[in-house]
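Asker: Sharing model_34.cif (mmCIF, C-alpha atoms (C1' of nucleotides)) below.
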```cif
data_data
loop_
_atom_site.label_atom_id
_atom_site.label_comp_id
_atom_site.auth_asym_id
_atom_site.auth_seq_id
_atom_site.Cartn_x
_atom_site.Cartn_y
_atom_site.Cartn_z
CA MET A 1 0.00 0.00 0.00
CA SER A 2 1.19 3.47 -0.82
CA ILE A 3 2.46 5.63 2.00
CA SER A 4 0.02 8.33 1.03
CA SER A 5 -3.05 6.28 1.80
CA ARG A 6 -4.01 4.04 4.69
CA LEU A 7 -7.22 2.42 5.79
CA PRO A 8 -9.18 4.45 8.30
CA VAL A 9 -9.28 3.71 12.01
CA ARG A 10 -12.56 4.38 13.77
CA THR A 11 -13.53 5.27 17.27
CA ARG A 12 -16.69 6.31 19.01
CA PHE A 13 -17.41 8.98 21.61
CA ASP A 14 -20.54 9.23 23.70
CA ILE A 15 -22.05 12.69 23.62
CA HIS A 16 -24.85 14.65 25.21
CA ASP A 17 -26.25 17.93 23.87
CA TYR A 18 -23.83 18.05 20.96
CA ASP A 19 -25.10 19.21 17.57
CA LEU A 20 -22.14 18.38 15.35
CA ALA A 21 -23.55 19.86 12.14
CA ALA A 22 -24.48 23.16 13.77
CA THR A 23 -21.10 23.35 15.44
CA LEU A 24 -19.02 22.64 12.35
CA SER A 25 -21.06 24.93 10.10
CA SER A 26 -21.47 27.86 12.49
CA GLY A 27 -18.68 30.00 11.08
CA GLN A 28 -16.05 29.39 13.75
CA ALA A 29 -14.00 26.99 11.58
CA PHE A 30 -13.78 27.13 7.81
CA ARG A 31 -12.37 23.81 6.64
CA TRP A 32 -15.20 21.35 7.30
CA GLU A 33 -16.67 19.82 4.21
CA SER A 34 -20.04 18.13 4.30
CA GLN A 35 -20.04 14.79 2.47
CA GLY A 36 -23.38 13.07 2.79
CA ASN A 37 -23.74 12.22 6.47
CA HIS A 38 -20.08 12.88 7.11
CA TRP A 39 -17.89 15.85 7.85
CA VAL A 40 -14.32 15.83 6.55
CA SER A 41 -11.42 18.08 7.47
CA VAL A 42 -7.76 18.20 8.45
CA ILE A 43 -6.88 18.92 12.06
CA GLU A 44 -3.23 19.63 12.82
CA GLY A 45 -2.11 17.69 9.78
CA ARG A 46 -4.41 14.71 10.35
CA TRP A 47 -7.19 13.77 7.97
CA VAL A 48 -10.39 13.16 9.91
CA ARG A 49 -13.96 12.19 9.06
CA LEU A 50 -16.83 12.57 11.52
CA SER A 51 -20.41 11.46 11.69
CA SER A 52 -22.88 11.68 14.51
CA THR A 53 -26.06 10.26 15.95
CA GLN A 54 -28.15 11.48 18.84
CA ASP A 55 -25.76 10.13 21.47
CA ALA A 56 -22.46 9.48 19.73
CA ILE A 57 -19.84 10.89 17.41
CA VAL A 58 -17.91 8.43 15.27
CA ALA A 59 -14.47 9.58 14.19
CA GLU A 60 -12.26 8.08 11.50
CA THR A 61 -8.63 8.89 10.92
CA VAL A 62 -5.76 7.18 9.15
CA GLU A 63 -3.11 7.16 11.83
CA ALA A 64 -3.40 4.39 14.38
CA ALA A 65 -3.72 6.99 17.09
CA GLU A 66 -2.27 6.04 20.44
CA SER A 67 -4.33 8.87 21.87
CA TRP A 68 -7.41 10.75 20.75
CA SER A 69 -6.77 13.73 22.98
CA TRP A 70 -6.10 16.01 19.99
CA LEU A 71 -9.63 15.38 18.77
CA VAL A 72 -11.28 15.38 22.19
CA ASN A 73 -9.69 18.74 22.81
CA TYR A 74 -10.61 20.15 19.39
CA LEU A 75 -14.25 19.12 19.72
CA GLN A 76 -14.30 19.90 23.46
CA LEU A 77 -15.98 16.58 24.08
CA GLN A 78 -15.28 16.66 27.81
CA LEU A 79 -17.26 19.87 28.31
CA ASP A 80 -20.58 19.68 30.11
CA LEU A 81 -22.82 22.20 28.41
CA SER A 82 -25.43 22.61 31.14
CA PRO A 83 -23.46 24.96 33.44
CA VAL A 84 -22.68 27.10 30.41
CA LEU A 85 -26.32 27.41 29.43
CA ALA A 86 -27.30 27.98 33.05
CA ALA A 87 -24.94 30.96 33.20
CA PHE A 88 -26.62 32.71 30.25
CA PRO A 89 -28.81 35.69 31.08
CA ASN A 90 -32.32 34.52 31.78
CA ASP A 91 -34.03 36.66 29.19
CA ASN A 92 -36.31 35.99 26.27
CA PRO A 93 -33.79 36.45 23.44
CA MET A 94 -31.30 34.04 24.98
CA LEU A 95 -34.04 31.48 25.68
CA GLU A 96 -35.06 31.67 22.03
CA ALA A 97 -31.47 31.38 20.87
CA THR A 98 -30.64 28.40 23.08
CA LYS A 99 -33.81 26.67 21.94
CA ALA A 100 -33.01 27.30 18.27
CA CYS A 101 -29.36 26.27 18.56
CA HIS A 102 -29.63 23.33 20.93
CA GLY A 103 -26.30 21.50 21.15
CA LEU A 104 -24.19 24.20 19.51
CA ARG A 105 -20.63 24.07 20.83
CA LEU A 106 -17.42 26.04 20.69
CA LEU A 107 -14.39 24.31 19.20
CA ARG A 108 -10.81 24.67 20.40
CA GLN A 109 -8.78 25.35 17.28
CA ASP A 110 -5.13 25.71 16.45
CA PRO A 111 -4.21 29.37 17.15
CA TRP A 112 -2.26 29.99 13.95
CA GLU A 113 -4.89 28.49 11.66
CA CYS A 114 -7.61 30.35 13.51
CA LEU A 115 -5.74 33.65 13.39
CA ALA A 116 -4.87 33.37 9.70
CA SER A 117 -8.40 32.31 8.77
CA PHE A 118 -10.00 35.24 10.53
CA ILE A 119 -7.56 37.70 8.95
CA LEU A 120 -9.01 36.40 5.70
CA SER A 121 -12.56 36.83 6.93
CA SER A 122 -12.87 40.60 6.85
CA SER A 123 -15.65 41.81 4.57
CA LYS A 124 -16.31 38.30 3.33
CA GLN A 125 -19.23 35.94 3.48
CA ILE A 126 -18.62 32.61 5.15
CA VAL A 127 -18.78 30.65 1.89
CA GLN A 128 -16.15 32.95 0.42
CA ILE A 129 -13.89 32.52 3.45
CA GLN A 130 -14.18 28.76 3.06
CA GLN A 131 -13.21 29.08 -0.58
CA ILE A 132 -10.16 31.23 0.16
CA VAL A 133 -8.93 28.99 2.98
CA GLY A 134 -9.45 25.94 0.76
CA LEU A 135 -7.36 27.48 -2.02
CA LEU A 136 -4.66 28.54 0.45
CA CYS A 137 -4.30 25.01 1.82
CA GLY A 138 -4.49 23.37 -1.60
CA ARG A 139 -1.81 25.57 -3.10
CA LEU A 140 0.52 26.14 -0.16
CA GLY A 141 -0.19 23.40 2.38
CA GLU A 142 1.40 19.95 2.60
CA ARG A 143 -0.38 16.84 1.43
CA VAL A 144 -1.62 14.71 4.27
CA VAL A 145 -2.24 10.97 4.38
CA VAL A 146 -5.79 10.06 3.33
CA PRO A 147 -7.69 6.78 2.90
CA PRO A 148 -7.45 4.91 -0.42
CA ASP A 149 -9.45 6.48 -3.26
CA HIS A 150 -9.95 9.63 -1.28
CA LEU A 151 -9.32 13.03 -2.86
CA PRO A 152 -6.07 14.70 -1.79
CA CYS A 153 -6.16 16.75 1.39
CA PHE A 154 -3.77 19.41 2.64
CA SER A 155 -2.56 20.82 5.90
CA PHE A 156 -2.88 24.48 6.78
CA PRO A 157 0.33 26.21 5.64
CA THR A 158 2.74 27.27 8.38
CA PRO A 159 3.66 30.90 9.16
CA GLU A 160 7.12 30.26 7.70
CA ARG A 161 5.64 29.02 4.45
CA LEU A 162 3.37 32.04 4.07
CA ALA A 163 6.11 34.47 5.09
CA ASP A 164 8.21 33.12 2.21
CA CYS A 165 5.42 33.54 -0.34
CA SER A 166 5.12 36.53 -2.59
CA GLU A 167 2.04 38.66 -2.14
CA ALA A 168 1.02 37.62 -5.66
CA GLU A 169 1.00 33.95 -4.66
CA LEU A 170 -1.33 34.79 -1.82
CA ARG A 171 -3.54 36.93 -4.01
CA ALA A 172 -3.85 33.98 -6.34
CA CYS A 173 -5.90 32.40 -3.55
CA LYS A 174 -8.50 35.14 -4.10
CA MET A 175 -7.86 36.92 -0.83
CA GLY A 176 -7.44 40.39 -2.35
CA PHE A 177 -6.15 43.13 -0.06
CA ARG A 178 -5.92 40.68 2.86
CA ALA A 179 -2.77 39.21 1.28
CA ALA A 180 -0.50 41.93 2.66
CA TYR A 181 -1.93 41.52 6.16
CA LEU A 182 -1.53 37.76 6.08
CA LYS A 183 2.02 37.89 4.79
CA LYS A 184 3.13 40.46 7.34
CA THR A 185 1.46 38.67 10.22
CA ALA A 186 3.01 35.37 9.11
CA SER A 187 6.44 37.04 9.08
CA MET A 188 5.97 38.42 12.57
CA ILE A 189 4.91 35.03 13.92
CA ALA A 190 7.77 33.28 12.15
CA ALA A 191 10.20 35.80 13.62
CA SER A 192 8.69 35.32 17.11
CA GLU A 193 7.83 39.00 17.34
CA VAL A 194 4.56 37.67 18.68
CA ASN A 195 4.63 34.26 20.31
CA LEU A 196 1.30 32.48 19.92
CA ALA A 197 2.30 29.64 22.24
CA SER A 198 2.84 31.94 25.21
CA LEU A 199 -0.53 33.68 25.06
CA PRO A 200 -2.63 31.25 27.10
CA ALA A 201 -0.48 31.96 30.14
CA SER A 202 -1.23 35.67 29.99
CA GLY A 203 -4.59 36.98 31.00
CA ILE A 204 -7.18 37.73 28.35
CA GLU A 205 -6.33 41.43 28.24
CA ASP A 206 -2.58 40.94 27.73
CA ALA A 207 -3.23 38.23 25.17
CA ARG A 208 -5.56 40.57 23.28
CA GLN A 209 -2.94 43.34 23.26
CA GLU A 210 -0.39 40.94 21.80
CA LEU A 211 -2.76 39.90 19.00
CA LEU A 212 -3.58 43.53 18.25
CA LYS A 213 0.09 44.09 17.34
CA LEU A 214 -0.45 42.01 14.22
CA PRO A 215 -1.46 43.79 11.00
CA GLY A 216 -4.98 42.97 9.86
CA VAL A 217 -6.00 42.12 13.42
CA GLY A 218 -8.42 44.48 15.15
CA ARG A 219 -10.64 43.97 18.14
CA LYS A 220 -13.11 41.66 16.43
CA ILE A 221 -10.56 39.24 14.97
CA ALA A 222 -8.49 39.30 18.15
CA ASP A 223 -11.57 38.28 20.11
CA CYS A 224 -12.33 35.47 17.64
CA VAL A 225 -8.88 34.01 18.24
CA LEU A 226 -9.12 34.48 22.00
CA LEU A 227 -12.42 32.61 21.99
CA PHE A 228 -12.09 29.96 19.27
CA ALA A 229 -8.42 29.04 19.74
CA TYR A 230 -7.47 29.89 23.31
CA GLY A 231 -10.79 29.30 25.01
CA PHE A 232 -11.05 32.63 26.78
CA GLN A 233 -14.78 32.26 27.36
CA LYS A 234 -15.34 35.90 28.15
CA ALA A 235 -14.11 37.07 24.74
CA PHE A 236 -17.14 38.39 22.84
CA PRO A 237 -16.44 39.09 19.15
CA ILE A 238 -18.84 41.73 17.88
CA ASP A 239 -19.34 41.67 14.11
CA VAL A 240 -22.14 42.98 11.91
CA TRP A 241 -24.42 40.02 12.73
CA VAL A 242 -23.96 40.25 16.47
CA THR A 243 -24.29 44.02 16.32
CA LYS A 244 -27.59 43.57 14.56
CA ALA A 245 -28.74 40.95 17.04
CA LEU A 246 -27.82 43.01 20.09
CA ARG A 247 -29.39 46.14 18.68
CA GLU A 248 -32.65 44.42 17.82
CA LEU A 249 -32.91 42.29 20.92
CA TYR A 250 -31.61 44.60 23.63
CA PHE A 251 -31.76 48.18 22.31
CA ARG A 252 -35.13 48.31 20.53
CA GLY A 253 -33.41 48.62 17.18
CA ARG A 254 -31.79 51.92 18.14
CA PRO A 255 -28.27 52.66 16.88
CA VAL A 256 -25.60 51.85 19.48
CA SER A 257 -21.89 52.64 19.40
CA GLN A 258 -19.41 49.76 19.35
CA GLU A 259 -17.98 50.99 22.62
CA ARG A 260 -21.35 50.86 24.32
CA LEU A 261 -22.01 47.38 22.94
CA GLN A 262 -18.65 46.23 24.24
CA SER A 263 -19.26 47.36 27.80
CA PHE A 264 -22.83 46.10 27.71
CA THR A 265 -21.87 42.58 26.62
CA GLU A 266 -19.03 42.37 29.10
CA ALA A 267 -21.29 43.24 31.99
CA TYR A 268 -24.44 41.48 30.84
CA PHE A 269 -23.44 38.08 29.44
CA GLY A 270 -21.14 36.93 32.20
CA PRO A 271 -18.27 34.43 32.33
CA PHE A 272 -19.49 32.44 29.29
CA GLY A 273 -20.22 35.51 27.19
CA GLY A 274 -18.33 34.05 24.25
CA TYR A 275 -20.64 31.08 24.20
CA ALA A 276 -23.66 33.36 24.33
CA GLN A 277 -22.24 35.32 21.42
CA GLN A 278 -22.01 32.16 19.31
CA TYR A 279 -25.63 31.31 20.07
CA LEU A 280 -26.77 34.80 19.09
CA PHE A 281 -24.68 34.70 15.91
CA HIS A 282 -25.99 31.32 14.84
CA TYR A 283 -29.53 32.24 15.79
CA MET A 284 -29.43 35.34 13.58
CA ARG A 285 -28.04 33.36 10.67
CA LEU A 286 -30.77 30.74 11.01
CA ARG A 287 -33.46 33.41 11.00
CA GLU A 288 -31.90 35.08 8.00
CA ARG A 289 -31.63 31.81 6.12
CA ARG A 290 -35.27 31.05 6.78
CA LEU A 291 -36.19 34.41 5.33
CA THR A 292 -33.96 34.26 2.26
CA LEU A 293 -34.38 30.58 1.50
CA ARG A 294 -37.82 31.02 0.01
CA LYS A 295 -36.88 29.79 -3.44
CA PRO A 296 -39.41 27.35 -4.89
"C1'" DT B 1 -14.44 60.01 15.95
"C1'" DC B 2 -15.27 59.22 10.73
"C1'" DA B 3 -15.42 58.17 6.11
"C1'" DG B 4 -13.19 55.98 2.37
"C1'" DA B 5 -10.09 52.61 0.50
"C1'" DC B 6 -8.85 48.07 0.09
"C1'" DC B 7 -9.55 43.19 -3.70
"C1'" DC B 8 -12.57 40.13 -5.52
"C1'" DT B 9 -16.51 37.22 -5.97
"C1'" DC B 10 -21.14 35.99 -6.11
"C1'" DA B 11 -26.12 36.70 -5.76
"C1'" DC B 12 -29.59 39.11 -7.71
"C1'" DA B 13 -32.05 42.56 -10.41
"C1'" DG B 14 -33.00 44.18 -14.99
"C1'" DA C 1 -28.50 34.18 -21.38
"C1'" DC C 2 -25.94 38.39 -20.37
"C1'" DT C 3 -24.34 42.65 -18.06
"C1'" DG C 4 -24.74 45.94 -14.14
"C1'" DT C 5 -24.72 46.66 -9.31
"C1'" DG C 6 -23.95 46.11 -4.37
"C1'" DA C 7 -22.33 44.31 -0.36
"C1'" DG C 8 -19.80 40.85 2.14
"C1'" DG C 9 -17.66 37.50 10.47
"C1'" DG C 10 -13.03 44.32 9.26
"C1'" DT C 11 -8.92 47.01 9.49
"C1'" DC C 12 -6.10 50.91 8.47
"C1'" DT C 13 -5.20 55.77 7.59
#
```
Will you turn the file into structure tokens for me?
Answerer:
Amino acid sequence: MSISSRLPVRTRFDIHDYDLAATLSSGQAFRWESQGNHWVSVIEGRWVRLSSTQDAIVAETVEAAESWSWLVNYLQLQLDLSPVLAAFPNDNPMLEATKACHGLRLLRQDPWECLASFILSSSKQIVQIQQIVGLLCGRLGERVVVPPDHLPCFSFPTPERLADCSEAELRACKMGFRAAYLKKTASMIAASEVNLASLPASGIEDARQELLKLPGVGRKIADCVLLFAYGFQKAFPIDVWVTKALRELYFRGRPVSQERLQSFTEAYFGPFGGYAQQYLFHYMRLRERRLTLRKP
DNA sequence: TCAGACCCTCACAG
DNA sequence: ACTGTGAGGGTCT
């Protein structure tokens, strides 16, 4: 058998309150591809295929893994959701959102991939971000081992790799003006001007300040990385969707400054504010989809 | 504090 | 079918 393909190994995890499809398609990660009942992606250089039932997730990979901790951590399978939901504000909007998004989870992603992906996200729709990230990996990532007869899959390119690219090579991945930001940020990471590995040890505020040193990273993207990669549960990324949700649900549709929204969310949504944010975001997208998906 | 620029793609109107 | 138009998980100046 060729080195580039091996038969999959399967394992099964018991779950409770875990909506895999909602979680993987909720705009926090951009490399999950839906294939029938399965979800396929590459996590830290490993090909992986997931499927789920009411009470279990089945995972397939090609390495005979001695440990599944990398996947357990990524999917946050050990997390009990009920204390999180219990800590949400007990108001009507949040009740609606939790009902509509039952089982939605936050992932714990690789910081570099998360950071780079969100630099690419500015002024883009989620489908477009997925396309850009897919091109970036296909053109500049390394091939990973996949099962026989499976299409080729690629790892997320390292900071060093992207730092060595020309801006034109990056633009060829359809990222437009974001190319300069990505290249510069990759160079700074590669040169250890900002050390992603040391951030978890700092508090959320110091970690945020470090991320804000990177070009193309403002408050919103910094908060996405703090929440989706480092697990700072108080981080509350405020984008156009969440702004709209907060304004409609808590400010009677009146215009509100970003600063005011920031202090409101910090005070109002509590220690799991980031989780609440994801529920509001997904809830808004579901409502929007229901409205726009009226094609016969 | 505030527009406007920044690239490019796709959905949607006409 | 074919072209025109606008806005899209922001950030920077």
Asker: What does the distance from atom CA of A:Lys234 to atom CA of A:Pro271 come to in Å, to one decimal?
Answerer: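 According to the coordinates, atom CA of A:Lys234 and atom CA of A:Pro271 are separated by 5.3 Å.
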Asker: What's the 10 Å shell around stretch 3-14 of chain B, counting only C-alpha atoms (C1' of nucleotides), without same-chain residues fewer than 3 positions away, as a list in words?
Answerer: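 Everything that qualifies: Lys124, Gln125, Val127, Gln128, Arg171, Lys174, Met175, Gly176, Phe177, Arg178 and Ala179 of chain A; DT3, DG4, DT5, DG6, DG8, DT11, DC12 and DT13 of chain C.
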Asker: Where does the PyMOL selection byres ((chain A) within 9 of (chain C)) land in this file, that is, which residues does it pick, as an MDAnalysis selection string?
Answerer: chainID A and resid 27:28 118:119 121:126 128 215:218 220:221 237:241
Asker: For the structure provided, state which residues fall under the PyMOL selection byres ((chain A and resi 42) around 8), and present them as a VMD selection string.
Answerer: chain A and resid 31 40 to 41 43 to 48 153 to 155
Asker: Can I get the residues of stretch 60-167 of chain A within 12 Å of stretch 202-214 of chain A, each with the closest pair of atoms and their distance in Å to one decimal, using only C-alpha atoms, sorted chain first then ascending number, as CSV?
Answerer:
```
residue,atom,partner,partner_atom,distance
A:Pro111,CA,A:Leu211,CA,10.8
A:Trp112,CA,A:Leu211,CA,11.1
A:Leu115,CA,A:Leu211,CA,8.9
A:Ala116,CA,A:Leu214,CA,10.7
A:Ile119,CA,A:Leu214,CA,9.8
```
Asker: Give me the residues near A:Ala86 as a VMD selection string, where near means some atom within 12 Å (using all atoms listed in the file) and where sequence neighbours in that chain fewer than 6 positions away do not count.
Answerer: chain A and resid 80 94 to 95 98 269 to 273 275 to 276
Asker: Quick one, how far is atom CA of A:Cys137 from atom CA of A:Ala197?
Answerer: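 Between atom CA of A:Cys137 and atom CA of A:Ala197 the gap is 22.0 Å.
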Asker: Around the point (-3.2, 1.8, 15.8), in the coordinates given by the file, pick out the residues reaching within 10 Å, counting all atoms listed in the file, and return them as a JSON list (two decimals) with C-alpha atoms, keeping the file's coordinate frame.
Answerer:
```
[["chain", "number", "residue", "atom", "x", "y", "z"],
["A", 8, "PRO", "CA", -9.18, 4.45, 8.30],
["A", 9, "VAL", "CA", -9.28, 3.71, 12.01],
["A", 10, "ARG", "CA", -12.56, 4.38, 13.77],
["A", 62, "VAL", "CA", -5.76, 7.18, 9.15],
["A", 63, "GLU", "CA", -3.11, 7.16, 11.83],
["A", 64, "ALA", "CA", -3.40, 4.39, 14.38],
["A", 65, "ALA", "CA", -3.72, 6.99, 17.09],
["A", 66, "GLU", "CA", -2.27, 6.04, 20.44],
["A", 67, "SER", "CA", -4.33, 8.87, 21.87]]
```
Asker: For atom CA of A:Phe251 and atom CA of A:Tyr279, quote the distance in Å rounded to one decimal.
Answerer: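 Atom CA of A:Tyr279 lies 18.1 Å from atom CA of A:Phe251.
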Asker: When the PyMOL selection byres ((chain A and resi 21) around 10) is applied to the file above, which residues end up in the set, as JSON, numbers by chain?
Answerer: {"A": [18, 19, 20, 22, 23, 24, 25, 26, 32, 34, 37, 38, 39, 50, 51, 52, 103, 104]}
Asker: May I ask which of the residues A:Ser117, A:Ser198, A:Thr243, A:Ser257 is the closest one to B:DT1, counting all atoms listed in the file?
Answerer: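 Of A:Ser117, A:Ser198, A:Thr243, A:Ser257, the one nearest B:DT1, counting all atoms listed in the file, is A:Ser257.
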